[in-house]
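S.K.: Dropping in query.cif, which is mmCIF, C-alpha atoms:
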```cif
data_data
#
loop_
_atom_site.group_PDB
_atom_site.id
_atom_site.type_symbol
_atom_site.label_atom_id
_atom_site.label_comp_id
_atom_site.auth_asym_id
_atom_site.auth_seq_id
_atom_site.Cartn_x
_atom_site.Cartn_y
_atom_site.Cartn_z
ATOM 1 C CA MET A 1 30.146 -88.110 140.819
ATOM 2 C CA PHE A 2 31.584 -84.966 139.208
ATOM 3 C CA ASP A 3 30.460 -86.148 135.768
ATOM 4 C CA PHE A 4 26.954 -86.839 137.141
ATOM 5 C CA ILE A 5 26.701 -83.281 138.487
ATOM 6 C CA ALA A 6 28.309 -81.715 135.414
ATOM 7 C CA SER A 7 25.805 -83.439 133.138
ATOM 8 C CA ALA A 8 22.889 -81.813 134.988
ATOM 9 C CA PRO A 9 24.147 -78.524 136.484
ATOM 10 C CA VAL A 10 20.733 -76.888 136.943
ATOM 11 C CA ALA A 11 19.243 -79.914 138.713
ATOM 12 C CA SER A 12 22.345 -80.132 140.903
ATOM 13 C CA LEU A 13 22.104 -76.465 141.848
ATOM 14 C CA VAL A 14 18.351 -76.615 142.528
ATOM 15 C CA MET A 15 18.638 -79.708 144.701
ATOM 16 C CA ALA A 16 21.655 -78.408 146.616
ATOM 17 C CA THR A 17 19.811 -75.138 147.255
ATOM 18 C CA PHE A 18 16.542 -76.542 148.551
ATOM 19 C CA VAL A 19 18.221 -79.280 150.597
ATOM 20 C CA GLY A 20 20.811 -76.902 152.056
ATOM 21 C CA ALA A 21 18.344 -74.084 152.753
ATOM 22 C CA SER A 22 15.820 -76.460 154.317
ATOM 23 C CA LEU A 23 18.362 -78.109 156.630
ATOM 24 C CA LEU A 24 19.742 -74.731 157.634
ATOM 25 C CA ALA A 25 16.257 -73.426 158.426
ATOM 26 C CA LEU A 26 15.218 -76.561 160.316
ATOM 27 C CA TYR A 27 18.318 -76.865 162.502
ATOM 28 C CA ALA A 28 20.186 -73.556 162.658
ATOM 29 C CA ALA A 29 18.112 -70.619 161.449
ATOM 30 C CA PRO A 30 14.371 -71.107 162.103
ATOM 31 C CA TRP A 31 13.771 -67.429 161.284
ATOM 32 C CA MET A 32 14.286 -68.368 157.629
ATOM 33 C CA ILE A 33 11.023 -70.276 157.646
ATOM 34 C CA GLU A 34 9.013 -67.430 159.144
ATOM 35 C CA ARG A 35 10.458 -64.948 156.667
ATOM 36 C CA GLY A 36 10.317 -67.273 153.691
ATOM 37 C CA VAL A 37 6.862 -68.831 154.116
ATOM 38 C CA PHE A 38 4.250 -67.969 151.479
ATOM 39 C CA ARG A 39 1.086 -66.343 152.834
ATOM 40 C CA PRO A 40 -1.229 -65.728 149.840
ATOM 41 C CA TYR A 41 -3.546 -63.374 151.741
ATOM 42 C CA TRP A 42 -0.641 -61.087 152.645
ATOM 43 C CA LEU A 43 1.207 -61.232 149.315
ATOM 44 C CA VAL A 44 -0.126 -57.916 148.012
ATOM 45 C CA PRO A 45 -0.789 -55.979 151.265
ATOM 46 C CA ARG A 46 2.711 -56.664 152.590
ATOM 47 C CA ARG A 47 4.364 -56.679 149.142
ATOM 48 C CA ALA A 48 5.890 -60.050 149.973
ATOM 49 C CA TRP A 49 6.728 -60.703 146.332
ATOM 50 C CA ALA A 50 9.717 -62.946 147.054
ATOM 51 C CA THR A 51 7.880 -65.438 149.264
ATOM 52 C CA PRO A 52 6.386 -67.590 146.461
ATOM 53 C CA VAL A 53 10.000 -68.322 145.491
ATOM 54 C CA THR A 54 11.628 -68.490 148.924
ATOM 55 C CA SER A 55 8.909 -70.818 150.207
ATOM 56 C CA ALA A 56 9.636 -73.223 147.359
ATOM 57 C CA PHE A 57 13.193 -73.744 148.630
ATOM 58 C CA LEU A 58 12.203 -74.455 152.235
ATOM 59 C CA HIS A 59 10.523 -77.450 153.869
ATOM 60 C CA GLY A 60 8.737 -77.714 157.182
ATOM 61 C CA ASP A 61 10.015 -81.162 158.186
ATOM 62 C CA LEU A 62 12.514 -83.829 157.206
ATOM 63 C CA GLY A 63 9.909 -86.214 155.807
ATOM 64 C CA HIS A 64 8.648 -83.659 153.302
ATOM 65 C CA LEU A 65 12.211 -82.701 152.363
ATOM 66 C CA PHE A 66 13.257 -86.324 151.893
ATOM 67 C CA PHE A 67 10.271 -87.216 149.710
ATOM 68 C CA ASN A 68 10.681 -84.161 147.498
ATOM 69 C CA GLY A 69 14.442 -84.621 147.319
ATOM 70 C CA PHE A 70 14.118 -88.290 146.405
ATOM 71 C CA THR A 71 11.539 -87.584 143.688
ATOM 72 C CA PHE A 72 13.627 -84.760 142.225
ATOM 73 C CA TRP A 73 16.783 -86.880 142.253
ATOM 74 C CA ALA A 74 14.987 -89.813 140.615
ATOM 75 C CA PHE A 75 13.514 -87.789 137.743
ATOM 76 C CA GLY A 76 15.095 -84.337 137.529
ATOM 77 C CA PHE A 77 18.674 -85.181 136.602
ATOM 78 C CA SER A 78 17.783 -87.487 133.732
ATOM 79 C CA LEU A 79 15.161 -85.016 132.503
ATOM 80 C CA GLU A 80 17.720 -82.195 132.328
ATOM 81 C CA ARG A 81 20.027 -84.389 130.277
ATOM 82 C CA THR A 82 17.102 -85.078 127.923
ATOM 83 C CA MET A 83 15.758 -81.514 127.630
ATOM 84 C CA GLY A 84 18.901 -79.455 128.036
ATOM 85 C CA SER A 85 19.740 -77.159 130.924
ATOM 86 C CA THR A 86 18.042 -73.994 129.656
ATOM 87 C CA GLN A 87 14.761 -75.730 128.934
ATOM 88 C CA PHE A 88 14.894 -77.622 132.222
ATOM 89 C CA ALA A 89 15.458 -74.403 134.184
ATOM 90 C CA THR A 90 12.510 -72.828 132.373
ATOM 91 C CA LEU A 91 10.319 -75.838 133.158
ATOM 92 C CA TYR A 92 11.201 -75.640 136.851
ATOM 93 C CA ALA A 93 10.424 -71.909 136.932
ATOM 94 C CA VAL A 94 7.100 -72.457 135.133
ATOM 95 C CA GLY A 95 6.138 -75.201 137.594
ATOM 96 C CA LEU A 96 7.025 -72.980 140.528
ATOM 97 C CA PHE A 97 5.060 -70.038 139.128
ATOM 98 C CA ALA A 98 2.010 -72.154 138.229
ATOM 99 C CA SER A 99 1.838 -73.762 141.666
ATOM 100 C CA ALA A 100 2.263 -70.390 143.416
ATOM 101 C CA LEU A 101 -0.472 -68.868 141.272
ATOM 102 C CA GLY A 102 -2.784 -71.786 142.014
ATOM 103 C CA THR A 103 -2.098 -71.413 145.719
ATOM 104 C CA TRP A 104 -2.813 -67.690 145.611
ATOM 105 C CA VAL A 105 -6.086 -68.204 143.734
ATOM 106 C CA ASN A 106 -7.267 -70.895 146.156
ATOM 107 C CA HIS A 107 -6.178 -69.288 149.428
ATOM 108 C CA ARG A 108 -5.971 -65.536 148.874
ATOM 109 C CA ARG A 109 -8.916 -64.939 151.216
ATOM 110 C CA GLU A 110 -7.500 -66.977 154.123
ATOM 111 C CA PRO A 111 -5.391 -64.768 156.455
ATOM 112 C CA ASP A 112 -4.014 -67.732 158.416
ATOM 113 C CA TYR A 113 -3.005 -69.897 155.468
ATOM 114 C CA GLN A 114 0.739 -70.358 154.921
ATOM 115 C CA THR A 115 2.769 -72.886 152.997
ATOM 116 C CA LEU A 116 6.264 -74.195 152.289
ATOM 117 C CA GLY A 117 7.814 -76.695 149.919
ATOM 118 C CA ALA A 118 9.048 -77.335 146.387
ATOM 119 C CA SER A 119 6.337 -79.857 145.570
ATOM 120 C CA GLY A 120 4.618 -77.862 142.801
ATOM 121 C CA ALA A 121 7.813 -77.386 140.797
ATOM 122 C CA ILE A 122 8.904 -80.964 141.451
ATOM 123 C CA LEU A 123 5.552 -82.278 140.193
ATOM 124 C CA ALA A 124 6.137 -80.305 136.991
ATOM 125 C CA VAL A 125 9.473 -82.118 136.654
ATOM 126 C CA LEU A 126 7.929 -85.503 137.456
ATOM 127 C CA PHE A 127 5.120 -85.226 134.904
ATOM 128 C CA ALA A 128 7.357 -83.736 132.207
ATOM 129 C CA SER A 129 9.713 -86.664 132.772
ATOM 130 C CA ILE A 130 6.864 -89.141 132.345
ATOM 131 C CA VAL A 131 5.875 -87.522 129.043
ATOM 132 C CA HIS A 132 9.472 -87.890 127.848
ATOM 133 C CA HIS A 133 10.113 -91.325 129.388
ATOM 134 C CA PRO A 134 6.760 -93.081 129.904
ATOM 135 C CA GLY A 135 8.432 -96.455 130.323
ATOM 136 C CA SER A 136 10.697 -95.411 133.205
ATOM 137 C CA SER A 137 10.382 -96.843 136.697
ATOM 138 C CA ILE A 138 11.573 -96.156 140.215
ATOM 139 C CA PHE A 139 12.738 -98.364 143.093
ATOM 140 C CA ILE A 140 11.520 -97.568 146.596
ATOM 141 C CA LEU A 141 12.764 -99.724 149.452
ATOM 142 C CA PRO A 142 11.523 -102.048 150.857
ATOM 143 C CA ILE A 143 9.278 -102.673 147.813
ATOM 144 C CA PRO A 144 11.132 -105.423 145.906
ATOM 145 C CA VAL A 145 9.891 -104.525 142.413
ATOM 146 C CA PRO A 146 10.224 -101.348 140.336
ATOM 147 C CA ILE A 147 7.250 -98.969 140.344
ATOM 148 C CA PRO A 148 6.349 -97.601 136.893
ATOM 149 C CA ALA A 149 6.802 -93.833 136.839
ATOM 150 C CA PRO A 150 3.192 -93.148 135.740
ATOM 151 C CA LEU A 151 1.898 -95.229 138.670
ATOM 152 C CA PHE A 152 4.233 -93.410 141.042
ATOM 153 C CA ALA A 153 2.894 -90.087 139.742
ATOM 154 C CA VAL A 154 -0.735 -91.170 140.195
ATOM 155 C CA LEU A 155 -0.012 -92.368 143.734
ATOM 156 C CA TYR A 156 1.754 -89.083 144.468
ATOM 157 C CA LEU A 157 -1.301 -87.107 143.327
ATOM 158 C CA ALA A 158 -3.673 -89.424 145.208
ATOM 159 C CA PHE A 159 -1.716 -88.832 148.392
ATOM 160 C CA THR A 160 -1.768 -85.131 147.625
ATOM 161 C CA TRP A 161 -5.541 -85.116 147.280
ATOM 162 C CA TRP A 162 -5.945 -86.979 150.567
ATOM 163 C CA ALA A 163 -3.438 -84.804 152.405
ATOM 164 C CA SER A 164 -5.003 -81.569 151.153
ATOM 165 C CA ARG A 165 -8.299 -82.688 152.672
ATOM 166 C CA GLN A 166 -6.555 -83.098 156.030
ATOM 167 C CA ALA A 167 -5.273 -79.498 155.982
ATOM 168 C CA ARG A 168 -2.360 -80.291 158.277
ATOM 169 C CA GLY A 169 0.972 -78.547 158.464
ATOM 170 C CA ARG A 170 2.496 -76.161 155.966
ATOM 171 C CA ILE A 171 2.817 -78.557 153.035
ATOM 172 C CA ASN A 172 1.194 -77.032 149.984
ATOM 173 C CA HIS A 173 -0.616 -80.087 148.674
ATOM 174 C CA ASP A 174 -3.003 -77.936 146.651
ATOM 175 C CA ALA A 175 -0.058 -76.798 144.511
ATOM 176 C CA HIS A 176 0.719 -80.302 143.302
ATOM 177 C CA LEU A 177 -1.997 -80.562 140.652
ATOM 178 C CA ALA A 178 -1.126 -77.124 139.238
ATOM 179 C CA GLY A 179 2.526 -78.157 139.016
ATOM 180 C CA ALA A 180 1.700 -81.471 137.346
ATOM 181 C CA LEU A 181 -0.494 -79.791 134.745
ATOM 182 C CA ALA A 182 2.180 -77.154 134.150
ATOM 183 C CA GLY A 183 4.756 -79.857 133.456
ATOM 184 C CA VAL A 184 2.590 -81.561 130.843
ATOM 185 C CA ALA A 185 1.553 -78.249 129.279
ATOM 186 C CA PHE A 186 5.172 -77.097 129.072
ATOM 187 C CA VAL A 187 6.200 -80.174 127.108
ATOM 188 C CA ALA A 188 3.099 -79.897 124.909
ATOM 189 C CA LEU A 189 3.980 -76.311 123.993
ATOM 190 C CA THR A 190 7.737 -76.655 123.614
ATOM 191 C CA GLU A 191 8.004 -80.207 122.238
ATOM 192 C CA PRO A 192 4.596 -81.188 120.840
ATOM 193 C CA GLY A 193 6.090 -84.194 119.063
ATOM 194 C CA VAL A 194 7.040 -85.752 122.406
ATOM 195 C CA LEU A 195 3.490 -85.521 123.721
ATOM 196 C CA ALA A 196 2.127 -86.800 120.396
ATOM 197 C CA ARG A 197 4.332 -89.903 120.651
ATOM 198 C CA LEU A 198 3.080 -90.540 124.201
ATOM 199 C CA ILE A 199 -0.564 -90.246 123.111
ATOM 200 C CA SER A 200 0.094 -92.547 120.151
ATOM 201 C CA ARG A 201 1.717 -95.074 122.491
ATOM 202 C CA LEU A 202 -1.227 -94.948 124.881
ATOM 203 C CA LEU A 203 -3.751 -95.373 122.093
ATOM 204 C CA GLY A 204 -1.811 -97.937 120.161
#
```
Show me, as structure tokens, the structure contained in the file I just sent.
M.R.:
Amino acid sequence: MFDFIASAPVASLVMATFVGASLLALYAAPWMIERGVFRPYWLVPRRAWATPVTSAFLHGDLGHLFFNGFTFWAFGFSLERTMGSTQFATLYAVGLFASALGTWVNHRREPDYQTLGASGAILAVLFASIVHHPGSSIFILPIPVPIPAPLFAVLYLAFTWWASRQARGRINHDAHLAGALAGVAFVALTEPGVLARLISRLLG
């Protein structure tokens, strides 16, 4: 277990932080959610500059936390070992920033809109991982067969699209597409050969 954590220190720290902070906020310190939630309309007037970051380490319910945590665990640790810790940390920050910017652009005129969750940054990790490892798969019980990572990603985005139309809760589904695109763009800019090999594989 120690070797697993030591081989991916950034992923370990990120996951421990958003799981720990979310559980603390849900069960012991609910004020953390009210202070940490991202409200795009109030970002500038209230100078709430930290909330795009704090909101990305909090979750509004256990289901959302579990799904994000499972996805990050399944793809983030192996991706850090592939990319290196510095590049992985940069990718996560870019995904977080891109999803927060997308949220602000889409909802900056809605005073009542507020959102929580790490989904945008985690989608950046998921899609960057698929570019690096297009043949990877994931097991989800009780499904008895592995799900190819690209199919899992498409299903994730399809659910996101549906959920964003429902406009329920504080889950920032609109941030998912921005995060996914950021993940692919990051790999394209920093490791263009990796993306070229994926395109060649798809076309060949």
S.K.: Name the residues that the PyMOL selection byres ((chain A and resi 50) around 12) picks from the file above, as a ChimeraX atom specification, using the file's chain letters and numbers.
M.R.: /A:35-40,42-44,46-49,51-57,97,100
S.K.: Could you work out how far CA of Gly135 in chain A lies from CA of Leu203 in chain A, giving the answer in Å with one decimal?
M.R.: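 Taking CA of Leu203 in chain A and CA of Gly135 in chain A, their separation equals 14.7 Å.
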S.K.: For the structure provided, state which residues fall under the PyMOL selection byres ((chain A and resi 72) around 10), and present them as a PyMOL selection string.
M.R.: chain A and resi 11-12+14-15+66-71+73-79+118-119+121-123+125-126
S.K.: What would the file look like if the residues just selected were written as a PDB file, keeping the file's coordinate frame with C-alpha atoms?
M.R.:
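As written to disk, out_26.pdb reads:
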```pdb
ATOM      1  CA  ALA A  11      19.243 -79.914 138.713  1.00  0.00           C
ATOM      2  CA  SER A  12      22.345 -80.132 140.903  1.00  0.00           C
ATOM      3  CA  VAL A  14      18.351 -76.615 142.528  1.00  0.00           C
ATOM      4  CA  MET A  15      18.638 -79.708 144.701  1.00  0.00           C
ATOM      5  CA  PHE A  66      13.257 -86.324 151.893  1.00  0.00           C
ATOM      6  CA  PHE A  67      10.271 -87.216 149.710  1.00  0.00           C
ATOM      7  CA  ASN A  68      10.681 -84.161 147.498  1.00  0.00           C
ATOM      8  CA  GLY A  69      14.442 -84.621 147.319  1.00  0.00           C
ATOM      9  CA  PHE A  70      14.118 -88.290 146.405  1.00  0.00           C
ATOM     10  CA  THR A  71      11.539 -87.584 143.688  1.00  0.00           C
ATOM     11  CA  TRP A  73      16.783 -86.880 142.253  1.00  0.00           C
ATOM     12  CA  ALA A  74      14.987 -89.813 140.615  1.00  0.00           C
ATOM     13  CA  PHE A  75      13.514 -87.789 137.743  1.00  0.00           C
ATOM     14  CA  GLY A  76      15.095 -84.337 137.529  1.00  0.00           C
ATOM     15  CA  PHE A  77      18.674 -85.181 136.602  1.00  0.00           C
ATOM     16  CA  SER A  78      17.783 -87.487 133.732  1.00  0.00           C
ATOM     17  CA  LEU A  79      15.161 -85.016 132.503  1.00  0.00           C
ATOM     18  CA  ALA A 118       9.048 -77.335 146.387  1.00  0.00           C
ATOM     19  CA  SER A 119       6.337 -79.857 145.570  1.00  0.00           C
ATOM     20  CA  ALA A 121       7.813 -77.386 140.797  1.00  0.00           C
ATOM     21  CA  ILE A 122       8.904 -80.964 141.451  1.00  0.00           C
ATOM     22  CA  LEU A 123       5.552 -82.278 140.193  1.00  0.00           C
ATOM     23  CA  VAL A 125       9.473 -82.118 136.654  1.00  0.00           C
ATOM     24  CA  LEU A 126       7.929 -85.503 137.456  1.00  0.00           C
TER      25      LEU A 126
END
```
S.K.: What is the CA of Gly179 in chain A-CA of Ala128 in chain A distance in Å, reported with one decimal?
M.R.: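 One can read the CA of Gly179 in chain A to CA of Ala128 in chain A distance as 10.0 Å.
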S.K.: I'd like the contact shell of Ile138 in chain A - 9 Å cut-off, only C-alpha atoms, skipping same-chain residues fewer than 5 positions apart - returned as a ChimeraX atom specification.
M.R.: /A:74-75,145-149,152
S.K.: What residues come out when you apply the PyMOL selection byres ((chain A and resi 25-27) around 12) to this file, written as a PyMOL selection string?
M.R.: chain A and resi 17-24+28-37+54-55+57-65+116
S.K.: Rounded to one decimal, what separation in Å do you get between CA of Tyr92 in chain A and CA of Pro111 in chain A?
M.R.: 27.9 Å
S.K.: Using only C-alpha atoms, which protein or nucleic acid residues come within 12 Å of Val154 in chain A? Drop anything in the same chain fewer than 3 positions from it, and give the result as a list in words.
M.R.: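 Listed by chain and then number, they are Leu123, Leu126, Phe127, Ile130, Ile147, Pro148, Ala149, Pro150, Leu151, Leu157, Ala158, Phe159, Thr160, Trp161, His176, Leu177 and Ala180 of chain A.
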S.K.: Kindly extract all protein, DNA and RNA residues lying within 12 Å of the coordinates (11.9, -70.4, 134.8) given in the file, considering all atoms listed in the file, and supply them as a ChimeraX atom specification.
M.R.: /A:10,14,53,85-98,121,124,182-183,186
